[in-house]
Protein chains: 2
Amino acid sequence: MKKALLFIAHGSRREASNEEVREIARQVSVNVSDDYDYVEAAFLELAQPSIPYALAAAVDEGCEQLFIFPYFLAAGKHVVTDVPELVESFCQQNPHVEVSWLDYLGKQPELVGLLSRAVTKTP
Amino acid sequence: MKKALLFIAHGSRREASNEEVREIARQVSVNVSDDYDYVEAAFLELAQPSIPYALAAAVDEGCEQLFIFPYFLAAGKHVVTDVPELVESFCQQNPHVEVSWLDYLGKQPELVGLLSRAVTKTP
């Protein structure tokens, strides 16, 4: 069964910022190619592709299993309400597609170590 | 010279989300206590302390060297314009304080590895 990974980010009016997110997703996709057949970034607002569009595109690519990764640092309204509502609406319209949630970035146990090294490294 | 590290985050209407950011800053502060005398989270909007308040509080604590760490995933308007404007205004009013910028989270080279492991780990 083909598996898709969707990087869900907020989106910015500054297109260079959205491109940064897409580039991170591209770099991750290289590393995880054994686990996912399809990796794409999607945006809650202000940038394309939208979440509904990206989910539908993954299905059009033949993916039957979608993994949602909220690329957010804390469980604010976007993580708790806005993104789930859009995904839930997609699920209702596509009951044959299996959708799973991964823990959002801020919840990853490795994050504190990365941050600690980042703020103490010598430039 | 006493050094402060300021974790600058966006802020959320959902207080639990802001508390998550403060907790991450607290955990990092334990790891970096050899490098920083003072570590605090501050928020661009919707949460306290504000950036101007947090910068002033660090100075009140005797810190003469402040390190700004934008806790953001991409260089959107907040990272490029909003946060720098507030910090610049503080600098003009406090010329005796040395202020340095650290690369924002999204720019950290370790991030892609962390993300790759996060999306492939077995639950």
# chains A, B, ... in the order shown; residues from 1 in each chain; ligands from 1
>>> closest_atom_pairs(of="chain B", to="chain A", cutoff="6 Å", atoms="only C-alpha atoms", output="Markdown table")
| residue | atom | partner | partner_atom | distance |
| --- | --- | --- | --- | --- |
| B:Ser12 | CA | A:Gly76 | CA | 5.8 |
| B:Arg14 | CA | A:Gly76 | CA | 5.5 |
| B:Ser17 | CA | A:Gly76 | CA | 5.0 |
| B:Val28 | CA | A:Ser116 | CA | 5.4 |
| B:Ala74 | CA | A:Ser17 | CA | 5.2 |
| B:Ala75 | CA | A:Ser17 | CA | 5.1 |
| B:Gly76 | CA | A:Ser17 | CA | 5.0 |
| B:Val112 | CA | A:Val28 | CA | 5.9 |
| B:Ser116 | CA | A:Val28 | CA | 5.4 |
>>> write_last_selection(atoms="C-alpha atoms", output="PDB file, in the first residue's frame")
ATOM      1  CA  SER B  12      -1.062  31.543  21.139  1.00  0.00           C
ATOM      2  CA  ARG B  14      -4.363  28.735  23.837  1.00  0.00           C
ATOM      3  CA  SER B  17       0.507  26.147  24.003  1.00  0.00           C
ATOM      4  CA  VAL B  28      16.935  23.990  27.687  1.00  0.00           C
ATOM      5  CA  ALA B  74      10.859  29.666   8.865  1.00  0.00           C
ATOM      6  CA  ALA B  75      11.850  33.226   8.140  1.00  0.00           C
ATOM      7  CA  GLY B  76       8.383  34.645   7.718  1.00  0.00           C
ATOM      8  CA  VAL B 112      16.253  17.607   9.038  1.00  0.00           C
ATOM      9  CA  SER B 116      13.465  12.280   9.524  1.00  0.00           C
TER      10      SER B 116
END
>>> select_by_dssp(residues="chain A", states="helix (DSSP H, G or I)", output="mmCIF file with N, CA, C and O atoms, in the first residue's frame")
data_model
loop_
_atom_site.group_PDB
_atom_site.id
_atom_site.type_symbol
_atom_site.label_atom_id
_atom_site.label_comp_id
_atom_site.auth_asym_id
_atom_site.auth_seq_id
_atom_site.Cartn_x
_atom_site.Cartn_y
_atom_site.Cartn_z
ATOM 1 N N GLU A 15 6.789 34.426 0.665
ATOM 2 C CA GLU A 15 6.915 33.177 -0.091
ATOM 3 C C GLU A 15 8.236 32.455 0.195
ATOM 4 O O GLU A 15 8.297 31.219 0.187
ATOM 5 N N ALA A 16 9.293 33.208 0.476
ATOM 6 C CA ALA A 16 10.584 32.567 0.785
ATOM 7 C C ALA A 16 10.453 31.668 2.016
ATOM 8 O O ALA A 16 11.142 30.649 2.131
ATOM 9 N N SER A 17 9.591 32.054 2.925
ATOM 10 C CA SER A 17 9.362 31.269 4.143
ATOM 11 C C SER A 17 8.673 29.947 3.793
ATOM 12 O O SER A 17 9.044 28.872 4.284
ATOM 13 N N ASN A 18 7.677 30.003 2.915
ATOM 14 C CA ASN A 18 6.997 28.773 2.483
ATOM 15 C C ASN A 18 7.970 27.862 1.739
ATOM 16 O O ASN A 18 7.929 26.641 1.895
ATOM 17 N N GLU A 19 8.835 28.473 0.958
ATOM 18 C CA GLU A 19 9.797 27.675 0.187
ATOM 19 C C GLU A 19 10.779 26.963 1.132
ATOM 20 O O GLU A 19 11.213 25.842 0.865
ATOM 21 N N GLU A 20 11.109 27.621 2.234
ATOM 22 C CA GLU A 20 11.958 26.972 3.255
ATOM 23 C C GLU A 20 11.311 25.694 3.763
ATOM 24 O O GLU A 20 11.976 24.671 3.942
ATOM 25 N N VAL A 21 10.017 25.772 4.032
ATOM 26 C CA VAL A 21 9.292 24.596 4.536
ATOM 27 C C VAL A 21 9.282 23.497 3.481
ATOM 28 O O VAL A 21 9.544 22.324 3.781
ATOM 29 N N ARG A 22 9.015 23.876 2.233
ATOM 30 C CA ARG A 22 9.017 22.869 1.152
ATOM 31 C C ARG A 22 10.392 22.230 1.026
ATOM 32 O O ARG A 22 10.512 21.030 0.790
ATOM 33 N N GLU A 23 11.438 23.023 1.189
ATOM 34 C CA GLU A 23 12.799 22.504 1.049
ATOM 35 C C GLU A 23 13.119 21.520 2.185
ATOM 36 O O GLU A 23 13.747 20.482 1.964
ATOM 37 N N ILE A 24 12.676 21.847 3.388
ATOM 38 C CA ILE A 24 12.864 20.919 4.522
ATOM 39 C C ILE A 24 12.142 19.597 4.226
ATOM 40 O O ILE A 24 12.689 18.512 4.422
ATOM 41 N N ALA A 25 10.925 19.689 3.723
ATOM 42 C CA ALA A 25 10.162 18.471 3.392
ATOM 43 C C ALA A 25 10.894 17.667 2.317
ATOM 44 O O ALA A 25 10.949 16.430 2.384
ATOM 45 N N ARG A 26 11.467 18.368 1.340
ATOM 46 C CA ARG A 26 12.230 17.668 0.282
ATOM 47 C C ARG A 26 13.429 16.935 0.878
ATOM 48 O O ARG A 26 13.716 15.787 0.534
ATOM 49 N N GLN A 27 14.143 17.609 1.770
ATOM 50 C CA GLN A 27 15.325 16.986 2.380
ATOM 51 C C GLN A 27 14.923 15.779 3.224
ATOM 52 O O GLN A 27 15.599 14.745 3.205
ATOM 53 N N VAL A 28 13.842 15.921 3.962
ATOM 54 C CA VAL A 28 13.367 14.785 4.762
ATOM 55 C C VAL A 28 12.942 13.645 3.830
ATOM 56 O O VAL A 28 13.231 12.476 4.100
ATOM 57 N N SER A 29 12.304 13.973 2.731
ATOM 58 C CA SER A 29 11.802 12.920 1.821
ATOM 59 C C SER A 29 12.929 12.028 1.325
ATOM 60 O O SER A 29 12.735 10.820 1.155
ATOM 61 N N VAL A 30 14.100 12.604 1.120
ATOM 62 C CA VAL A 30 15.262 11.804 0.691
ATOM 63 C C VAL A 30 15.618 10.795 1.781
ATOM 64 O O VAL A 30 15.871 9.618 1.506
ATOM 65 N N ASN A 31 15.601 11.254 3.027
ATOM 66 C CA ASN A 31 15.982 10.381 4.142
ATOM 67 C C ASN A 31 14.963 9.278 4.429
ATOM 68 O O ASN A 31 15.320 8.250 4.994
ATOM 69 N N ILE A 51 -4.250 22.305 2.571
ATOM 70 C CA ILE A 51 -4.348 20.963 3.163
ATOM 71 C C ILE A 51 -5.316 20.071 2.366
ATOM 72 O O ILE A 51 -4.950 18.956 1.987
ATOM 73 N N PRO A 52 -6.531 20.550 2.077
ATOM 74 C CA PRO A 52 -7.434 19.680 1.291
ATOM 75 C C PRO A 52 -6.833 19.307 -0.064
ATOM 76 O O PRO A 52 -6.937 18.153 -0.488
ATOM 77 N N TYR A 53 -6.198 20.266 -0.721
ATOM 78 C CA TYR A 53 -5.609 19.979 -2.036
ATOM 79 C C TYR A 53 -4.507 18.934 -1.916
ATOM 80 O O TYR A 53 -4.433 17.992 -2.713
ATOM 81 N N ALA A 54 -3.622 19.102 -0.916
ATOM 82 C CA ALA A 54 -2.473 18.191 -0.766
ATOM 83 C C ALA A 54 -2.924 16.776 -0.420
ATOM 84 O O ALA A 54 -2.356 15.797 -0.914
ATOM 85 N N LEU A 55 -3.954 16.655 0.406
ATOM 86 C CA LEU A 55 -4.462 15.322 0.754
ATOM 87 C C LEU A 55 -5.038 14.644 -0.486
ATOM 88 O O LEU A 55 -4.762 13.470 -0.755
ATOM 89 N N ALA A 56 -5.816 15.393 -1.255
ATOM 90 C CA ALA A 56 -6.410 14.837 -2.475
ATOM 91 C C ALA A 56 -5.316 14.468 -3.488
ATOM 92 O O ALA A 56 -5.418 13.431 -4.157
ATOM 93 N N ALA A 57 -4.276 15.284 -3.565
ATOM 94 C CA ALA A 57 -3.185 15.015 -4.514
ATOM 95 C C ALA A 57 -2.460 13.719 -4.150
ATOM 96 O O ALA A 57 -2.071 12.949 -5.032
ATOM 97 N N ALA A 58 -2.286 13.476 -2.857
ATOM 98 C CA ALA A 58 -1.625 12.244 -2.414
ATOM 99 C C ALA A 58 -2.461 11.032 -2.830
ATOM 100 O O ALA A 58 -1.928 10.013 -3.279
ATOM 101 N N VAL A 59 -3.759 11.157 -2.679
ATOM 102 C CA VAL A 59 -4.650 10.062 -3.087
ATOM 103 C C VAL A 59 -4.603 9.882 -4.604
ATOM 104 O O VAL A 59 -4.556 8.760 -5.112
ATOM 105 N N ASP A 60 -4.585 10.977 -5.332
ATOM 106 C CA ASP A 60 -4.468 10.897 -6.801
ATOM 107 C C ASP A 60 -3.180 10.196 -7.220
ATOM 108 O O ASP A 60 -3.122 9.579 -8.287
ATOM 109 N N LYS A 77 -4.128 26.632 18.673
ATOM 110 C CA LYS A 77 -5.421 26.406 18.008
ATOM 111 C C LYS A 77 -5.253 25.702 16.653
ATOM 112 O O LYS A 77 -6.078 24.879 16.266
ATOM 113 N N HIS A 78 -4.187 26.018 15.934
ATOM 114 C CA HIS A 78 -3.999 25.396 14.619
ATOM 115 C C HIS A 78 -3.837 23.878 14.737
ATOM 116 O O HIS A 78 -4.415 23.129 13.959
ATOM 117 N N VAL A 79 -3.026 23.459 15.713
ATOM 118 C CA VAL A 79 -2.754 22.025 15.875
ATOM 119 C C VAL A 79 -3.964 21.308 16.477
ATOM 120 O O VAL A 79 -4.274 20.170 16.099
ATOM 121 N N VAL A 80 -4.625 21.984 17.392
ATOM 122 C CA VAL A 80 -5.708 21.333 18.137
ATOM 123 C C VAL A 80 -7.033 21.354 17.374
ATOM 124 O O VAL A 80 -7.827 20.416 17.460
ATOM 125 N N THR A 81 -7.286 22.392 16.628
ATOM 126 C CA THR A 81 -8.607 22.583 16.013
ATOM 127 C C THR A 81 -8.564 22.712 14.485
ATOM 128 O O THR A 81 -9.207 21.949 13.767
ATOM 129 N N ASP A 82 -7.807 23.680 13.988
ATOM 130 C CA ASP A 82 -7.927 24.049 12.569
ATOM 131 C C ASP A 82 -7.475 22.934 11.629
ATOM 132 O O ASP A 82 -8.186 22.589 10.686
ATOM 133 N N VAL A 83 -6.286 22.392 11.871
ATOM 134 C CA VAL A 83 -5.789 21.327 10.991
ATOM 135 C C VAL A 83 -6.656 20.068 11.132
ATOM 136 O O VAL A 83 -7.088 19.496 10.119
ATOM 137 N N PRO A 84 -6.957 19.621 12.374
ATOM 138 C CA PRO A 84 -7.824 18.438 12.504
ATOM 139 C C PRO A 84 -9.170 18.583 11.793
ATOM 140 O O PRO A 84 -9.666 17.620 11.205
ATOM 141 N N GLU A 85 -9.766 19.779 11.833
ATOM 142 C CA GLU A 85 -11.068 19.966 11.169
ATOM 143 C C GLU A 85 -10.960 19.712 9.669
ATOM 144 O O GLU A 85 -11.819 19.055 9.068
ATOM 145 N N LEU A 86 -9.909 20.234 9.066
ATOM 146 C CA LEU A 86 -9.728 20.036 7.620
ATOM 147 C C LEU A 86 -9.462 18.572 7.298
ATOM 148 O O LEU A 86 -9.973 18.037 6.313
ATOM 149 N N VAL A 87 -8.654 17.931 8.130
ATOM 150 C CA VAL A 87 -8.330 16.515 7.881
ATOM 151 C C VAL A 87 -9.576 15.657 8.091
ATOM 152 O O VAL A 87 -9.854 14.743 7.304
ATOM 153 N N GLU A 88 -10.341 15.970 9.133
ATOM 154 C CA GLU A 88 -11.557 15.209 9.424
ATOM 155 C C GLU A 88 -12.560 15.318 8.271
ATOM 156 O O GLU A 88 -13.188 14.331 7.873
ATOM 157 N N SER A 89 -12.671 16.503 7.730
ATOM 158 C CA SER A 89 -13.572 16.710 6.599
ATOM 159 C C SER A 89 -13.128 15.872 5.399
ATOM 160 O O SER A 89 -13.961 15.246 4.719
ATOM 161 N N PHE A 90 -11.821 15.818 5.172
ATOM 162 C CA PHE A 90 -11.289 14.975 4.088
ATOM 163 C C PHE A 90 -11.611 13.495 4.349
ATOM 164 O O PHE A 90 -12.006 12.762 3.434
ATOM 165 N N CYS A 91 -11.435 13.067 5.599
ATOM 166 C CA CYS A 91 -11.671 11.661 5.951
ATOM 167 C C CYS A 91 -13.124 11.268 5.685
ATOM 168 O O CYS A 91 -13.396 10.166 5.199
ATOM 169 N N GLN A 92 -14.028 12.170 6.021
ATOM 170 C CA GLN A 92 -15.452 11.861 5.804
ATOM 171 C C GLN A 92 -15.760 11.683 4.323
ATOM 172 O O GLN A 92 -16.586 10.854 3.943
ATOM 173 N N GLN A 93 -15.065 12.472 3.505
ATOM 174 C CA GLN A 93 -15.309 12.374 2.053
ATOM 175 C C GLN A 93 -14.506 11.249 1.399
ATOM 176 O O GLN A 93 -14.758 10.907 0.248
ATOM 177 N N LEU A 105 5.919 18.621 15.778
ATOM 178 C CA LEU A 105 7.345 18.818 16.039
ATOM 179 C C LEU A 105 7.652 19.165 17.501
ATOM 180 O O LEU A 105 8.583 18.613 18.102
ATOM 181 N N GLY A 106 6.890 20.082 18.095
ATOM 182 C CA GLY A 106 7.171 20.531 19.463
ATOM 183 C C GLY A 106 7.115 19.420 20.490
ATOM 184 O O GLY A 106 7.628 19.562 21.601
ATOM 185 N N LYS A 107 6.501 18.321 20.129
ATOM 186 C CA LYS A 107 6.342 17.192 21.052
ATOM 187 C C LYS A 107 7.485 16.186 20.927
ATOM 188 O O LYS A 107 7.544 15.224 21.694
ATOM 189 N N LEU A 111 13.884 17.369 20.616
ATOM 190 C CA LEU A 111 13.939 18.813 20.342
ATOM 191 C C LEU A 111 14.762 19.593 21.365
ATOM 192 O O LEU A 111 15.539 20.492 21.010
ATOM 193 N N VAL A 112 14.616 19.246 22.644
ATOM 194 C CA VAL A 112 15.334 19.993 23.686
ATOM 195 C C VAL A 112 16.845 19.872 23.490
ATOM 196 O O VAL A 112 17.583 20.852 23.641
ATOM 197 N N GLY A 113 17.310 18.684 23.130
ATOM 198 C CA GLY A 113 18.741 18.498 22.882
ATOM 199 C C GLY A 113 19.221 19.330 21.709
ATOM 200 O O GLY A 113 20.260 19.995 21.782
ATOM 201 N N LEU A 114 18.448 19.307 20.628
ATOM 202 C CA LEU A 114 18.811 20.106 19.453
ATOM 203 C C LEU A 114 18.893 21.588 19.814
ATOM 204 O O LEU A 114 19.855 22.281 19.464
ATOM 205 N N LEU A 115 17.894 22.064 20.538
ATOM 206 C CA LEU A 115 17.868 23.484 20.912
ATOM 207 C C LEU A 115 19.044 23.831 21.815
ATOM 208 O O LEU A 115 19.677 24.886 21.651
ATOM 209 N N SER A 116 19.345 22.938 22.744
ATOM 210 C CA SER A 116 20.439 23.206 23.682
ATOM 211 C C SER A 116 21.764 23.333 22.935
ATOM 212 O O SER A 116 22.582 24.203 23.227
ATOM 213 N N ARG A 117 21.958 22.453 21.949
ATOM 214 C CA ARG A 117 23.186 22.539 21.148
ATOM 215 C C ARG A 117 23.164 23.784 20.264
ATOM 216 O O ARG A 117 24.181 24.463 20.095
ATOM 217 N N ALA A 118 21.999 24.099 19.713
ATOM 218 C CA ALA A 118 21.907 25.249 18.798
ATOM 219 C C ALA A 118 22.271 26.564 19.486
ATOM 220 O O ALA A 118 22.921 27.415 18.888
#
>>> atom_distance(atom1="CA of Asn94 in chain A", atom2="CA of Leu46 in chain A")
25.0 Å
>>> atom_distance(atom1="CA of Ala41 in chain A", atom2="CA of Ala42 in chain B")
28.3 Å
>>> select_by_dssp(residues="chain A", states="strand (DSSP E)", output="mmCIF file with N, CA, C and O atoms, in the first residue's frame")
data_model
loop_
_atom_site.group_PDB
_atom_site.id
_atom_site.type_symbol
_atom_site.label_atom_id
_atom_site.label_comp_id
_atom_site.auth_asym_id
_atom_site.auth_seq_id
_atom_site.Cartn_x
_atom_site.Cartn_y
_atom_site.Cartn_z
ATOM 1 N N LYS A 2 0.626 2.191 -0.886
ATOM 2 C CA LYS A 2 1.480 3.383 -0.975
ATOM 3 C C LYS A 2 1.217 4.344 0.183
ATOM 4 O O LYS A 2 0.059 4.632 0.520
ATOM 5 N N LYS A 3 2.296 4.812 0.774
ATOM 6 C CA LYS A 3 2.203 5.687 1.950
ATOM 7 C C LYS A 3 2.648 7.116 1.633
ATOM 8 O O LYS A 3 3.693 7.314 0.999
ATOM 9 N N ALA A 4 1.878 8.063 2.123
ATOM 10 C CA ALA A 4 2.224 9.480 1.936
ATOM 11 C C ALA A 4 2.487 10.138 3.290
ATOM 12 O O ALA A 4 1.844 9.812 4.285
ATOM 13 N N LEU A 5 3.423 11.061 3.298
ATOM 14 C CA LEU A 5 3.699 11.885 4.477
ATOM 15 C C LEU A 5 3.388 13.329 4.118
ATOM 16 O O LEU A 5 3.920 13.865 3.142
ATOM 17 N N LEU A 6 2.506 13.951 4.901
ATOM 18 C CA LEU A 6 2.160 15.354 4.672
ATOM 19 C C LEU A 6 2.711 16.216 5.804
ATOM 20 O O LEU A 6 2.351 16.027 6.966
ATOM 21 N N PHE A 7 3.594 17.112 5.441
ATOM 22 C CA PHE A 7 4.138 18.117 6.353
ATOM 23 C C PHE A 7 3.163 19.279 6.389
ATOM 24 O O PHE A 7 3.090 20.053 5.433
ATOM 25 N N ILE A 8 2.453 19.449 7.489
ATOM 26 C CA ILE A 8 1.460 20.523 7.546
ATOM 27 C C ILE A 8 2.044 21.724 8.283
ATOM 28 O O ILE A 8 2.337 21.636 9.478
ATOM 29 N N ALA A 9 2.205 22.832 7.576
ATOM 30 C CA ALA A 9 2.775 24.041 8.183
ATOM 31 C C ALA A 9 1.747 25.163 8.164
ATOM 32 O O ALA A 9 0.680 25.033 7.555
ATOM 33 N N TYR A 38 5.669 9.080 -0.935
ATOM 34 C CA TYR A 38 5.260 10.417 -1.374
ATOM 35 C C TYR A 38 5.369 11.339 -0.160
ATOM 36 O O TYR A 38 4.837 11.017 0.915
ATOM 37 N N VAL A 39 6.074 12.440 -0.303
ATOM 38 C CA VAL A 39 6.204 13.413 0.792
ATOM 39 C C VAL A 39 5.906 14.791 0.224
ATOM 40 O O VAL A 39 6.458 15.184 -0.817
ATOM 41 N N GLU A 40 5.025 15.522 0.886
ATOM 42 C CA GLU A 40 4.664 16.846 0.377
ATOM 43 C C GLU A 40 4.385 17.797 1.547
ATOM 44 O O GLU A 40 3.901 17.367 2.593
ATOM 45 N N ALA A 41 4.714 19.067 1.355
ATOM 46 C CA ALA A 41 4.331 20.083 2.329
ATOM 47 C C ALA A 41 2.947 20.613 1.974
ATOM 48 O O ALA A 41 2.578 20.649 0.796
ATOM 49 N N ALA A 42 2.197 21.003 2.981
ATOM 50 C CA ALA A 42 0.884 21.627 2.755
ATOM 51 C C ALA A 42 0.714 22.734 3.790
ATOM 52 O O ALA A 42 1.351 22.705 4.849
ATOM 53 N N PHE A 43 -0.143 23.694 3.484
ATOM 54 C CA PHE A 43 -0.228 24.886 4.323
ATOM 55 C C PHE A 43 -1.660 25.168 4.775
ATOM 56 O O PHE A 43 -2.604 25.072 3.982
ATOM 57 N N CYS A 63 -1.784 6.928 -3.207
ATOM 58 C CA CYS A 63 -1.526 6.637 -1.784
ATOM 59 C C CYS A 63 -2.839 6.304 -1.077
ATOM 60 O O CYS A 63 -3.834 7.011 -1.231
ATOM 61 N N GLU A 64 -2.804 5.226 -0.314
ATOM 62 C CA GLU A 64 -4.008 4.814 0.431
ATOM 63 C C GLU A 64 -3.815 4.985 1.927
ATOM 64 O O GLU A 64 -4.726 4.778 2.711
ATOM 65 N N GLN A 65 -2.589 5.336 2.310
ATOM 66 C CA GLN A 65 -2.285 5.540 3.720
ATOM 67 C C GLN A 65 -1.592 6.898 3.836
ATOM 68 O O GLN A 65 -0.507 7.096 3.256
ATOM 69 N N LEU A 66 -2.199 7.825 4.570
ATOM 70 C CA LEU A 66 -1.652 9.178 4.699
ATOM 71 C C LEU A 66 -1.222 9.429 6.143
ATOM 72 O O LEU A 66 -1.992 9.174 7.077
ATOM 73 N N PHE A 67 -0.026 9.934 6.310
ATOM 74 C CA PHE A 67 0.474 10.288 7.636
ATOM 75 C C PHE A 67 0.586 11.808 7.711
ATOM 76 O O PHE A 67 1.238 12.431 6.877
ATOM 77 N N ILE A 68 -0.058 12.350 8.737
ATOM 78 C CA ILE A 68 -0.108 13.801 8.903
ATOM 79 C C ILE A 68 0.927 14.193 9.943
ATOM 80 O O ILE A 68 0.858 13.752 11.097
ATOM 81 N N PHE A 69 1.865 15.042 9.558
ATOM 82 C CA PHE A 69 2.862 15.538 10.510
ATOM 83 C C PHE A 69 2.686 17.050 10.674
ATOM 84 O O PHE A 69 3.047 17.821 9.796
ATOM 85 N N PRO A 70 2.149 17.488 11.809
ATOM 86 C CA PRO A 70 1.980 18.931 12.019
ATOM 87 C C PRO A 70 3.343 19.574 12.312
ATOM 88 O O PRO A 70 3.963 19.285 13.338
ATOM 89 N N GLU A 98 -6.775 5.619 4.640
ATOM 90 C CA GLU A 98 -6.376 5.485 6.038
ATOM 91 C C GLU A 98 -5.524 6.695 6.424
ATOM 92 O O GLU A 98 -4.501 6.950 5.782
ATOM 93 N N VAL A 99 -5.930 7.427 7.442
ATOM 94 C CA VAL A 99 -5.209 8.640 7.844
ATOM 95 C C VAL A 99 -4.701 8.483 9.277
ATOM 96 O O VAL A 99 -5.472 8.131 10.172
ATOM 97 N N SER A 100 -3.408 8.724 9.475
ATOM 98 C CA SER A 100 -2.816 8.621 10.817
ATOM 99 C C SER A 100 -2.108 9.931 11.162
ATOM 100 O O SER A 100 -1.606 10.622 10.273
ATOM 101 N N TRP A 101 -2.056 10.219 12.466
ATOM 102 C CA TRP A 101 -1.395 11.435 12.941
ATOM 103 C C TRP A 101 -0.049 11.097 13.567
ATOM 104 O O TRP A 101 0.054 10.184 14.372
#
>>> atom_distance(atom1="CA of Val97 in chain A", atom2="CA of Glu61 in chain A")
12.4 Å
